[in-house]
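Here is the structure we will look at.
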Amino acid sequence: MKNCKLCIFGLMMLLTIPAQHVMGDPAGFESRTLATAIQDEKSAANIGDSHFDIMVAKLKASQKKTRFTPSSPEALRLAEQLFTDIFQGKPPATLAPTLTRLNLIMEIVELDASRYLLLMEAHTHRRGRGFYIFPATGTEFEFSNQVLMIPHGFYDYHTGDIGIHLMLEGQFAAAAFNTVHRYGNRKLKGVSSNEIWDMADLFDTFFSAFTKAFVRTHPAGHLIQLHGFSRKKRNTDTGRNSDIIISNGTAYPSQALTALCDCVKIKLPGITRLYPMEINALGGTQNTIGKVMRSMDHPGFIHLEMSLSMRKKMTYDHDIRNRFLSCLEKL
């Protein structure tokens with residue numbers, strides 16, 4: 001990417017800048033130098049925490065005491081520009097004004113030779129806008145043309161863990177995780193059951209802004225959305241014995257999607273099916289992220305449904321994840 005060198009320079013400069021200047025210090029977060037934050041991560045790793053555990057802890061912390069509140073058109077516009085700037089590799093220090101206006105914080109975590117930029121809401125301004133991971137190592141920017149999206153991390157068990165594993169082990173431009181339960185409105189007193197908290201069902205969210213920024217900066221890229229399904233709830237034998245269902249949200253899978261499905265069939269255990277040729281369910285046709293991408297004439301939406309047994313394999317089996325990643329590399 002053109003701005004890799006500039007981005008790396010900006011990251012190095014940030015090692016001596018107080019965190020409040022990187023984050024915009026929204027809501028009075030404790031001011032620490034970036035070097036201190038990185039050292040804290042190293043200390044955690046030294047006492048036995050893996051890189052995966054560090055990222056999971058960050059994600060879970062961003063999900064605590066969070067309820068969804070719709071964003072204003074101005075906030076969505078700012079968010080789209082922020083995501084665009086990050087995808088383009090602009091130095092984090094230049095993002096501080098936007099972070100402050102959106103009540104977001106940014107943290108850069110160093111894990112061995114890799115750096116990751118984390119974007120999350122300030123703890124006093126949590127509105128269910130999501131948690132985002134971006135690679136902040138120059139070489140990773142150069143060949144990352146795919147992003148991961150996990151919209152139902154609370155409900156589709158293990159998809160959040162799978163997303164973090166893949167982000168750490170693969171080559172992705174970013175990963176987006178939901179921070180509110182898709183059915184969270186059912187658990188809170190005083191919240192109408194008509195409220196929708198589903199990031200795959202709403203249009204005007206930070207997930208939408210993230211998607212639009214990805215489309216504009218990665219015209220030939222792919223957004224892979226991870227889901228889980230219950231075999232018991234399927235009303236056909238085909239659905240009950242499927243392990244993975246792959247689609248692009250339409251009845252017309254692309255050549256690239258068909259090739260991905262063929263690769264997964266060969267390299268992963270279980271039964272993989274392509275929608276709608278091999279199964280007529282769970283095709284993601286109403287998924288708003290897919291609709292946003294198609295409205296912008298971008299064909300890169302990939303909707304991946306996994307059974308619980310497959311999600312467990314993807315979570316705990318490094319070799320299976322590697323095989324899956326090898327299929328994504330061919331897109």
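Just so we're on the same page: first chain in the structure tokens is A, next is B, and so on; residues restart at 1 for each chain, and ligands are numbered from 1 in the order they show up.
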
| If you count only C-alpha atoms, which residues fall within 12 Å of Lys330 in chain A, apart from same-chain ones fewer than 4 positions away, as a ChimeraX atom specification? | /A:145-146,221-222,255-264,323-326

Got time to write the residues from that selection, N, CA and C atoms, as an mmCIF file, in the first residue's frame?
data_model
loop_
_atom_site.group_PDB
_atom_site.id
_atom_site.type_symbol
_atom_site.label_atom_id
_atom_site.label_comp_id
_atom_site.auth_asym_id
_atom_site.auth_seq_id
_atom_site.Cartn_x
_atom_site.Cartn_y
_atom_site.Cartn_z
ATOM 1 N N ASN A 145 -6.343 -8.121 1.322
ATOM 2 C CA ASN A 145 -7.459 -7.690 0.488
ATOM 3 C C ASN A 145 -8.773 -8.311 0.976
ATOM 4 N N GLN A 146 -8.761 -8.803 2.208
ATOM 5 C CA GLN A 146 -9.940 -9.438 2.777
ATOM 6 C C GLN A 146 -10.163 -8.936 4.203
ATOM 7 N N GLY A 221 -11.668 -6.785 -3.228
ATOM 8 C CA GLY A 221 -11.532 -7.580 -2.015
ATOM 9 C C GLY A 221 -12.744 -8.430 -1.697
ATOM 10 N N HIS A 222 -12.669 -9.130 -0.563
ATOM 11 C CA HIS A 222 -13.770 -9.962 -0.103
ATOM 12 C C HIS A 222 -14.010 -9.724 1.381
ATOM 13 N N GLN A 255 -17.921 -17.247 -9.774
ATOM 14 C CA GLN A 255 -16.916 -18.268 -10.037
ATOM 15 C C GLN A 255 -15.943 -18.389 -8.866
ATOM 16 N N ALA A 256 -15.592 -17.228 -8.281
ATOM 17 C CA ALA A 256 -14.672 -17.242 -7.140
ATOM 18 C C ALA A 256 -15.302 -17.949 -5.947
ATOM 19 N N LEU A 257 -16.600 -17.725 -5.715
ATOM 20 C CA LEU A 257 -17.284 -18.361 -4.596
ATOM 21 C C LEU A 257 -17.374 -19.866 -4.804
ATOM 22 N N THR A 258 -17.679 -20.271 -6.034
ATOM 23 C CA THR A 258 -17.744 -21.699 -6.355
ATOM 24 C C THR A 258 -16.392 -22.368 -6.143
ATOM 25 N N ALA A 259 -15.335 -21.674 -6.555
ATOM 26 C CA ALA A 259 -13.980 -22.215 -6.364
ATOM 27 C C ALA A 259 -13.648 -22.329 -4.875
ATOM 28 N N LEU A 260 -14.054 -21.335 -4.075
ATOM 29 C CA LEU A 260 -13.830 -21.383 -2.634
ATOM 30 C C LEU A 260 -14.547 -22.587 -2.037
ATOM 31 N N CYS A 261 -15.796 -22.790 -2.433
ATOM 32 C CA CYS A 261 -16.577 -23.911 -1.923
ATOM 33 C C CYS A 261 -15.911 -25.239 -2.284
ATOM 34 N N ASP A 262 -15.439 -25.352 -3.514
ATOM 35 C CA ASP A 262 -14.767 -26.582 -3.948
ATOM 36 C C ASP A 262 -13.516 -26.846 -3.119
ATOM 37 N N CYS A 263 -12.772 -25.798 -2.822
ATOM 38 C CA CYS A 263 -11.561 -25.933 -2.018
ATOM 39 C C CYS A 263 -11.894 -26.373 -0.597
ATOM 40 N N VAL A 264 -12.909 -25.771 -0.007
ATOM 41 C CA VAL A 264 -13.309 -26.119 1.357
ATOM 42 C C VAL A 264 -13.787 -27.567 1.414
ATOM 43 N N ARG A 323 -5.993 -24.859 6.896
ATOM 44 C CA ARG A 323 -6.551 -25.341 5.625
ATOM 45 C C ARG A 323 -7.612 -24.380 5.098
ATOM 46 N N PHE A 324 -8.418 -23.874 6.015
ATOM 47 C CA PHE A 324 -9.435 -22.902 5.610
ATOM 48 C C PHE A 324 -8.772 -21.629 5.079
ATOM 49 N N LEU A 325 -7.754 -21.164 5.772
ATOM 50 C CA LEU A 325 -7.035 -19.969 5.325
ATOM 51 C C LEU A 325 -6.403 -20.183 3.952
ATOM 52 N N SER A 326 -5.916 -21.363 3.702
ATOM 53 C CA SER A 326 -5.309 -21.647 2.383
ATOM 54 C C SER A 326 -6.329 -21.543 1.270
#

| query | Which residues in range 83-210 of chain A does DSSP call helix (DSSP H, G or I)? List them as a ChimeraX atom specification. | reply | /A:83-87,92-102,138-142,159-169,184-186,206-210

| said: Residues near Gly270 in chain A, anyone? I mean within 9 Å using only C-alpha atoms, not counting same-chain ones fewer than 3 positions away, as a list in words. | reply: Asn241, Ser242, Asp243, Ile244, Lys265 and Met310 of chain A

| query | So which residues of range 28-236 of chain A fall under strand (DSSP E) by DSSP, listed as an MDAnalysis selection string? | reply | chainID A and resid 104:111 114:121 131:135 146:150 174:177 222:228

Keeping only N, CA and C atoms, write those residues as a short mmCIF file (atom, residue, chain, number, x, y, z; two decimals), in the first residue's frame.
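The resulting file, again_24.cif, is shown below:
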data_model
loop_
_atom_site.label_atom_id
_atom_site.label_comp_id
_atom_site.auth_asym_id
_atom_site.auth_seq_id
_atom_site.Cartn_x
_atom_site.Cartn_y
_atom_site.Cartn_z
N LEU A 104 -14.53 7.23 20.68
CA LEU A 104 -13.83 5.97 20.46
C LEU A 104 -12.42 6.08 21.02
N ILE A 105 -11.85 4.93 21.34
CA ILE A 105 -10.45 4.89 21.74
C ILE A 105 -9.70 3.95 20.81
N MET A 106 -8.43 4.21 20.67
CA MET A 106 -7.57 3.42 19.81
C MET A 106 -6.39 2.93 20.65
N GLU A 107 -6.07 1.67 20.47
CA GLU A 107 -4.93 1.11 21.18
C GLU A 107 -4.11 0.28 20.20
N ILE A 108 -2.80 0.38 20.29
CA ILE A 108 -1.94 -0.42 19.44
C ILE A 108 -1.25 -1.46 20.31
N VAL A 109 -1.46 -2.72 19.98
CA VAL A 109 -0.94 -3.84 20.74
C VAL A 109 0.15 -4.52 19.93
N GLU A 110 1.28 -4.75 20.56
CA GLU A 110 2.40 -5.42 19.90
C GLU A 110 2.49 -6.85 20.41
N LEU A 111 2.38 -7.80 19.49
CA LEU A 111 2.47 -9.22 19.82
C LEU A 111 3.61 -9.82 19.00
N SER A 114 4.37 -8.59 15.33
CA SER A 114 3.18 -8.00 14.72
C SER A 114 2.56 -6.95 15.63
N ARG A 115 2.06 -5.89 15.02
CA ARG A 115 1.30 -4.88 15.75
C ARG A 115 -0.14 -4.89 15.24
N TYR A 116 -1.06 -4.62 16.15
CA TYR A 116 -2.48 -4.56 15.79
C TYR A 116 -3.08 -3.29 16.38
N LEU A 117 -3.86 -2.62 15.56
CA LEU A 117 -4.58 -1.43 15.99
C LEU A 117 -5.97 -1.87 16.40
N LEU A 118 -6.35 -1.58 17.63
CA LEU A 118 -7.68 -1.93 18.14
C LEU A 118 -8.52 -0.67 18.24
N LEU A 119 -9.74 -0.77 17.78
CA LEU A 119 -10.67 0.37 17.82
C LEU A 119 -11.89 -0.07 18.60
N MET A 120 -12.25 0.72 19.63
CA MET A 120 -13.38 0.35 20.47
C MET A 120 -14.01 1.61 21.08
N GLU A 121 -15.16 1.42 21.70
CA GLU A 121 -15.84 2.55 22.32
C GLU A 121 -15.28 2.83 23.72
N PHE A 131 -16.27 -3.68 17.83
CA PHE A 131 -14.86 -3.78 18.20
C PHE A 131 -14.11 -4.18 16.93
N TYR A 132 -13.00 -3.50 16.64
CA TYR A 132 -12.34 -3.68 15.36
C TYR A 132 -10.84 -3.90 15.55
N ILE A 133 -10.29 -4.82 14.77
CA ILE A 133 -8.86 -5.11 14.78
C ILE A 133 -8.31 -4.85 13.38
N PHE A 134 -7.24 -4.08 13.33
CA PHE A 134 -6.54 -3.82 12.06
C PHE A 134 -5.07 -4.19 12.23
N PRO A 135 -4.44 -4.76 11.21
CA PRO A 135 -2.99 -4.97 11.30
C PRO A 135 -2.29 -3.63 11.22
N GLN A 146 -8.76 -8.80 2.21
CA GLN A 146 -9.94 -9.44 2.78
C GLN A 146 -10.16 -8.94 4.20
N VAL A 147 -11.42 -8.91 4.60
CA VAL A 147 -11.76 -8.59 5.99
C VAL A 147 -12.71 -9.65 6.52
N LEU A 148 -12.69 -9.80 7.83
CA LEU A 148 -13.60 -10.71 8.52
C LEU A 148 -14.67 -9.90 9.23
N MET A 149 -15.86 -10.45 9.33
CA MET A 149 -16.93 -9.80 10.07
C MET A 149 -17.69 -10.84 10.87
N ILE A 150 -17.83 -10.59 12.16
CA ILE A 150 -18.55 -11.48 13.06
C ILE A 150 -19.70 -10.70 13.66
N ALA A 174 -8.64 -6.37 8.19
CA ALA A 174 -9.36 -5.98 9.41
C ALA A 174 -10.29 -7.11 9.82
N ALA A 175 -10.79 -7.00 11.04
CA ALA A 175 -11.85 -7.87 11.52
C ALA A 175 -12.80 -7.02 12.37
N ALA A 176 -14.11 -7.23 12.18
CA ALA A 176 -15.14 -6.48 12.91
C ALA A 176 -15.97 -7.44 13.76
N PHE A 177 -16.17 -7.09 15.03
CA PHE A 177 -16.90 -7.94 15.96
C PHE A 177 -18.04 -7.16 16.59
N HIS A 222 -12.67 -9.13 -0.56
CA HIS A 222 -13.77 -9.96 -0.10
C HIS A 222 -14.01 -9.72 1.38
N LEU A 223 -15.27 -9.62 1.76
CA LEU A 223 -15.69 -9.53 3.15
C LEU A 223 -16.29 -10.86 3.53
N ILE A 224 -15.66 -11.56 4.46
CA ILE A 224 -16.11 -12.89 4.87
C ILE A 224 -16.84 -12.78 6.19
N GLN A 225 -18.13 -13.07 6.17
CA GLN A 225 -18.96 -12.95 7.37
C GLN A 225 -19.19 -14.35 7.95
N LEU A 226 -18.84 -14.52 9.23
CA LEU A 226 -18.91 -15.83 9.88
C LEU A 226 -20.18 -15.95 10.73
N HIS A 227 -20.88 -17.07 10.52
CA HIS A 227 -22.13 -17.35 11.25
C HIS A 227 -22.13 -18.78 11.76
N GLY A 228 -23.08 -19.06 12.65
CA GLY A 228 -23.30 -20.42 13.13
C GLY A 228 -24.76 -20.80 12.99
#

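Nearest residue to Gly290 in chain A, choosing from A:Gly249, A:Pro276, A:Pro70, A:Gly160 and counting only C-alpha atoms: A:Gly249.
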
| remark: In terms of only C-alpha atoms, the residue from A:Asn248, A:Thr159, A:Thr137, A:Ser50 at minimal distance from Met314 in chain A is A:Thr159

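Checking A:Ala281, A:Leu76, A:Leu308, A:Leu268 one by one against Phe229 in chain A, counting only C-alpha atoms, you find the shortest gap at A:Leu308.
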